[in-house]
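Data first, discussion second: the structure below is written as structure tokens.
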Number of protein chains: 2
Amino acid sequence: MKLVDGKTISTPLENSSQANGSEAEIDFDILPTLIGYHLRRAQITVFNDFVKMMSEVQITPGQFGVALLINTNPGLTQSALARTVGIERSTMVAVIDALETRGLVERRPSPVDRRSYALVLSEQGNDMIERLRPMVAAHEDRIAKNLSADERAQLIILLAKIAD
Amino acid sequence: MKLVDGKTISTPLENSSQANGSEAEIDFDILPTLIGYHLRRAQITVFNDFVKMMSEVQITPGQFGVALLINTNPGLTQSALARTVGIERSTMVAVIDALETRGLVERRPSPVDRRSYALVLSEQGNDMIERLRPMVAAHEDRIAKNLSADERAQLIILLAKIAD
DNA sequence: GCGTATTGTTGGGTATACGAACGTTTTTAG
DNA sequence: CTAAAAACGTTCGTATACCCAACAATACGC
């Protein structure tokens with residue numbers, strides 16, 4: 001879901017006499033009071049920064065999250081992974097496909113259930129995760145640059161309450 | 001009781017194979033410390049709730065935002081709108097197409113620029129916005145049901161700081 | 001007036017997500 | 001111990017939301 005580029009909205013200015021055919025002050029109505037609106041804008045900013053900062057590794061936030069969980073919990077099944085990150089099994093298929101195609105993840109037969117796979121990272125996949133860790137930390141610092149440590153912690157708590 | 005653990009003990013046999021279904025302990029690693037992770041999860045929750053709650057009107061958050069801005073700023077052009085919400089002109093075309101097909105938005109010739117349209121809501125479009133306002137308010141209350149009024153205000157402030 | 005910018009549009013591409021249906025396997029109920 | 005139900009991974013169809021490059025028509029700067 002590549003959203004928008006994080007450009008700010010700069011609405012130039014002075015001409016208010018015309019009905020807004022051209023550029024004028026635009027009334028945002030209730031949008032600024034909506035959590036959903038700010039959530040979307042923040043997400044756009046964060047997603048774009050992530051993709052840009054990880055461009056040398058070519059990985060998206062979603063792929064990173066999945067790869068990280070496999071790294072830490074080798075042997076997970078796709079379904080367990082999907083439940084964990086809160087998406088559908090059918091959506092997870094494409095995520096794993098992408099990681100497998102790049103040789104980062106292996107689908108091994110589960111020793112206990114012939115319906116499912118035991119997912120593990122390849123050597124290359126593990127290396128990539130370790131290389132990404134400091135980059136992700138830097139990315140987080142960047143997007144939280146306007147937040148104090150307290151605010152940052154508070155934001156996470158509040159977001160978690162939204163996501164249930 | 002751990003999941004299959006590739007590093008230490010790694011025994012495919014011992015665990016009760018219920019690891020997945022019953023959600024054994026999954027190590028989330030650094031994910032819970034990442035703003036981006038919580039943002040994404042909250043966004044999914046909010047988007048799904050919005051779509052579900054507005055199902056009788058069949059409108060998405062993006063369409064609502066655009067229609068709201070036209071409602072409040074009649075005569076806007078597609079390009080001005082796109083700049084305001086931060087998407088590409090080419091992306092806006094489909095959004096307006098969808099709203100126009102449903103008879104909610106009209107593309108009127110701009111009185112001052114023959115290249116562009118002056119966008120306005122139809123009677124039906126305006127009615128829909130007014131009908132949606134309380135529904136959107138209810139949606140916001142729903143997604144913020146675990147938040148106090150203070151927390152809600154705080155969340156918006158923090159999200160705005162991220163989006164800068 | 002001529003070059004350049006802008007408008008709306010199309011077409012192609014990427015990323016992400018959902019639900020329904022399917023074959024295979026496992027679990028559960030009776 | 002079998003019959004029904006559930007779960008696994010998958011495909012397909014659908015939707016949202018975004019990008020870029022190119023185009024004809026129009027507007028603007030100088």
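Following the order of the structure tokens, chains are lettered A, B, ..., residues in each are numbered from 1, and ligands are numbered from 1.
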Each chain B residue no farther than 7 Å from chain A, nearest pair in Å, only C-alpha atoms, as a Markdown table:
```
| residue | atom | partner | partner_atom | distance |
| --- | --- | --- | --- | --- |
| B:Val4 | CA | A:Gly75 | CA | 5.4 |
| B:Asp5 | CA | A:Pro74 | CA | 6.0 |
| B:Gly6 | CA | A:Pro74 | CA | 5.8 |
| B:Pro12 | CA | A:Pro111 | CA | 6.0 |
| B:Ser17 | CA | A:Val112 | CA | 6.2 |
| B:Asn20 | CA | A:Ala80 | CA | 5.1 |
| B:Gly21 | CA | A:Ala80 | CA | 6.9 |
| B:Ile26 | CA | A:Asn73 | CA | 6.7 |
| B:Asp27 | CA | A:Thr72 | CA | 6.5 |
| B:Phe28 | CA | A:Leu69 | CA | 6.3 |
| B:Asp29 | CA | A:Thr72 | CA | 6.7 |
| B:Leu34 | CA | A:Glu140 | CA | 6.8 |
| B:Ile35 | CA | A:Ile156 | CA | 6.1 |
| B:Gly36 | CA | A:Val46 | CA | 6.4 |
| B:His38 | CA | A:Leu159 | CA | 5.8 |
| B:Leu39 | CA | A:Gln43 | CA | 6.3 |
| B:Arg40 | CA | A:Gln43 | CA | 6.8 |
| B:Arg41 | CA | A:Ala163 | CA | 5.8 |
| B:Ala42 | CA | A:Ala163 | CA | 4.4 |
| B:Gln43 | CA | A:Leu39 | CA | 6.3 |
| B:Thr45 | CA | A:Ala163 | CA | 5.7 |
| B:Val46 | CA | A:Gly36 | CA | 6.5 |
| B:Leu69 | CA | A:Phe28 | CA | 6.4 |
| B:Thr72 | CA | A:Asp27 | CA | 6.5 |
| B:Asn73 | CA | A:Asp27 | CA | 6.6 |
| B:Pro74 | CA | A:Asn20 | CA | 6.9 |
| B:Gly75 | CA | A:Asn20 | CA | 5.3 |
| B:Leu76 | CA | A:Asn20 | CA | 5.0 |
| B:Thr77 | CA | A:Gly21 | CA | 5.9 |
| B:Ala80 | CA | A:Glu23 | CA | 6.5 |
| B:Arg83 | CA | A:Ile9 | CA | 6.7 |
| B:Thr84 | CA | A:Ile9 | CA | 5.8 |
| B:Gly86 | CA | A:Val4 | CA | 6.0 |
| B:Ile87 | CA | A:Val4 | CA | 5.4 |
| B:Ala118 | CA | A:Gly21 | CA | 6.3 |
| B:Glu140 | CA | A:Leu34 | CA | 6.9 |
| B:Ile143 | CA | A:Ile162 | CA | 6.0 |
| B:Ala144 | CA | A:Ile162 | CA | 6.3 |
| B:Asn146 | CA | A:Lys161 | CA | 6.0 |
| B:Leu155 | CA | A:Leu155 | CA | 6.4 |
| B:Ile156 | CA | A:Ile35 | CA | 6.1 |
| B:Leu158 | CA | A:Leu155 | CA | 6.6 |
| B:Leu159 | CA | A:Ala42 | CA | 5.9 |
| B:Ala160 | CA | A:His38 | CA | 6.3 |
| B:Lys161 | CA | A:Asn146 | CA | 6.1 |
| B:Ile162 | CA | A:Ala42 | CA | 5.6 |
| B:Ala163 | CA | A:Ala42 | CA | 4.4 |
```
- Would you list which chain C residues are within 6 Å of chain A using only C-alpha atoms (C1' of nucleotides), as a list in words? DA15, DT16 and DT25 of chain C
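Counting only C-alpha atoms (C1' of nucleotides) and comparing A:Glu106, A:Glu123, A:Asp150, A:Asp97, the residue that lies closest to chain D is A:Asp97.
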- Message: Which residues are close to DG11 of chain C, i.e. within 12 Å by only C-alpha atoms (C1' of nucleotides), leaving aside same-chain residues fewer than 4 positions away? Reply as a PyMOL selection string.
- Response: (chain B and resi 90) or (chain D and resi 20-23)
Selection export as a PDB file, in the first residue's frame, atoms kept: N, CA and C atoms (P, O5', C5', C4', C3', O3' and C1' of nucleotides):
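Result went into selection-v1.pdb, see below:
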```pdb
ATOM      1  N   SER B  90      -3.488  11.521 -11.135  1.00  0.00           N
ATOM      2  CA  SER B  90      -3.964  10.315 -11.810  1.00  0.00           C
ATOM      3  C   SER B  90      -4.718   9.398 -10.850  1.00  0.00           C
TER       4      SER B  90
ATOM      5  P    DC D  20       5.995   9.367  -8.658  1.00  0.00           P
ATOM      6  O5'  DC D  20       6.330   8.735 -10.086  1.00  0.00           O
ATOM      7  C5'  DC D  20       7.096   7.545 -10.193  1.00  0.00           C
ATOM      8  C4'  DC D  20       7.025   7.069 -11.632  1.00  0.00           C
ATOM      9  C3'  DC D  20       7.241   8.191 -12.650  1.00  0.00           C
ATOM     10  O3'  DC D  20       8.265   7.805 -13.549  1.00  0.00           O
ATOM     11  C1'  DC D  20       5.212   7.021 -13.109  1.00  0.00           C
ATOM     12  P    DA D  21       8.879   8.863 -14.528  1.00  0.00           P
ATOM     13  O5'  DA D  21       8.111   8.517 -15.884  1.00  0.00           O
ATOM     14  C5'  DA D  21       8.099   7.167 -16.339  1.00  0.00           C
ATOM     15  C4'  DA D  21       7.292   7.081 -17.624  1.00  0.00           C
ATOM     16  C3'  DA D  21       7.511   8.257 -18.576  1.00  0.00           C
ATOM     17  O3'  DA D  21       7.544   7.751 -19.901  1.00  0.00           O
ATOM     18  C1'  DA D  21       5.224   8.100 -18.037  1.00  0.00           C
ATOM     19  P    DA D  22       8.117   8.655 -21.083  1.00  0.00           P
ATOM     20  O5'  DA D  22       6.763   9.083 -21.826  1.00  0.00           O
ATOM     21  C5'  DA D  22       5.984   8.052 -22.436  1.00  0.00           C
ATOM     22  C4'  DA D  22       4.585   8.542 -22.672  1.00  0.00           C
ATOM     23  C3'  DA D  22       4.471   9.776 -23.563  1.00  0.00           C
ATOM     24  O3'  DA D  22       3.939   9.383 -24.821  1.00  0.00           O
ATOM     25  C1'  DA D  22       2.944   9.825 -21.722  1.00  0.00           C
ATOM     26  P    DC D  23       3.963  10.397 -26.059  1.00  0.00           P
ATOM     27  O5'  DC D  23       2.526  11.084 -25.968  1.00  0.00           O
ATOM     28  C5'  DC D  23       1.366  10.290 -26.192  1.00  0.00           C
ATOM     29  C4'  DC D  23       0.121  11.097 -25.873  1.00  0.00           C
ATOM     30  C3'  DC D  23       0.115  12.503 -26.446  1.00  0.00           C
ATOM     31  O3'  DC D  23      -0.526  12.489 -27.707  1.00  0.00           O
ATOM     32  C1'  DC D  23      -0.777  12.403 -24.194  1.00  0.00           C
TER      33       DC D  23
END
```
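Our summary of the geometry notes that atom C1' of DG13 of chain D is positioned 16.1 Å from atom CA of Arg89 of chain A.
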Output as a tab-separated table (two decimals) with C-alpha atoms, in the first residue's frame all residues of chain B that backbone DSSP marks as strand (DSSP E or B).
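Written out: out.tsv:
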```
chain	number	residue	atom	x	y	z
B	76	LEU	CA	-12.36	22.67	-6.29
B	105	VAL	CA	-20.27	14.37	-7.54
B	106	GLU	CA	-20.64	16.50	-10.64
B	107	ARG	CA	-17.86	17.60	-12.94
B	108	ARG	CA	-18.85	21.05	-14.07
B	109	PRO	CA	-16.86	23.06	-16.55
B	117	TYR	CA	-13.52	20.90	-13.83
B	118	ALA	CA	-15.22	22.61	-10.95
B	119	LEU	CA	-16.25	19.80	-8.66
B	120	VAL	CA	-19.46	20.01	-6.71
B	121	LEU	CA	-21.60	17.56	-4.82
```
- Query: atom CA of Ile129 of chain B to atom CA of Ala98 of chain B: how many Å, to one decimal?
  - Reply: 15.5 Å
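Atom CA of Leu132 of chain A to atom CA of Thr101 of chain A spans 19.0 Å [interatomic distance, one decimal].
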- Task: Just need the residues of chain D within 7 Å of chain A, counting only C-alpha atoms (C1' of nucleotides), so spit them out as a PyMOL selection string.
- Result: chain D and resi 8-9+17-18
Keeping only N, CA and C atoms (P, O5', C5', C4', C3', O3' and C1' of nucleotides), write those residues as a PDB file, in the first residue's frame.
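Output (again_13.pdb):
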```pdb
ATOM      1  P    DC D   8      -4.523 -23.716  11.084  1.00  0.00           P
ATOM      2  O5'  DC D   8      -3.905 -24.204   9.698  1.00  0.00           O
ATOM      3  C5'  DC D   8      -2.993 -25.300   9.670  1.00  0.00           C
ATOM      4  C4'  DC D   8      -2.620 -25.589   8.231  1.00  0.00           C
ATOM      5  C3'  DC D   8      -2.168 -24.353   7.466  1.00  0.00           C
ATOM      6  O3'  DC D   8      -0.758 -24.409   7.241  1.00  0.00           O
ATOM      7  C1'  DC D   8      -3.726 -25.682   6.207  1.00  0.00           C
ATOM      8  P    DG D   9       0.005 -23.109   6.753  1.00  0.00           P
ATOM      9  O5'  DG D   9      -0.225 -23.197   5.183  1.00  0.00           O
ATOM     10  C5'  DG D   9       0.458 -24.220   4.459  1.00  0.00           C
ATOM     11  C4'  DG D   9      -0.042 -24.238   3.035  1.00  0.00           C
ATOM     12  C3'  DG D   9       0.255 -22.968   2.234  1.00  0.00           C
ATOM     13  O3'  DG D   9       0.876 -23.350   1.018  1.00  0.00           O
ATOM     14  C1'  DG D   9      -2.026 -23.531   2.058  1.00  0.00           C
ATOM     15  P    DA D  17      -9.173   3.991  -0.257  1.00  0.00           P
ATOM     16  O5'  DA D  17      -7.646   4.141  -0.667  1.00  0.00           O
ATOM     17  C5'  DA D  17      -6.662   3.455   0.048  1.00  0.00           C
ATOM     18  C4'  DA D  17      -5.369   3.583  -0.714  1.00  0.00           C
ATOM     19  C3'  DA D  17      -5.210   4.926  -1.439  1.00  0.00           C
ATOM     20  O3'  DA D  17      -4.097   5.601  -0.907  1.00  0.00           O
ATOM     21  C1'  DA D  17      -4.486   3.128  -2.754  1.00  0.00           C
ATOM     22  P    DC D  18      -3.943   7.134  -1.110  1.00  0.00           P
ATOM     23  O5'  DC D  18      -2.801   7.241  -2.232  1.00  0.00           O
ATOM     24  C5'  DC D  18      -1.475   6.946  -1.889  1.00  0.00           C
ATOM     25  C4'  DC D  18      -0.723   6.212  -2.978  1.00  0.00           C
ATOM     26  C3'  DC D  18      -0.331   6.978  -4.228  1.00  0.00           C
ATOM     27  O3'  DC D  18       0.651   7.930  -3.947  1.00  0.00           O
ATOM     28  C1'  DC D  18      -0.609   4.640  -4.618  1.00  0.00           C
TER      29       DC D  18
END
```
- Please run DSSP on the backbone and report, as JSON, numbers by chain, all residues within chain A that come out as alpha helix (DSSP H). {"A": [35, 36, 37, 38, 39, 40, 41, 42, 43, 44, 45, 46, 47, 48, 49, 50, 51, 52, 53, 61, 62, 63, 64, 65, 66, 67, 68, 69, 70, 71, 72, 78, 79, 80, 81, 82, 83, 84, 85, 89, 90, 91, 92, 93, 94, 95, 96, 97, 98, 99, 100, 101, 123, 124, 125, 126, 127, 128, 129, 130, 131, 132, 133, 134, 135, 136, 137, 138, 139, 140, 141, 142, 143, 149, 150, 151, 152, 153, 154, 155, 156, 157, 158, 159, 160, 161, 162, 163]}
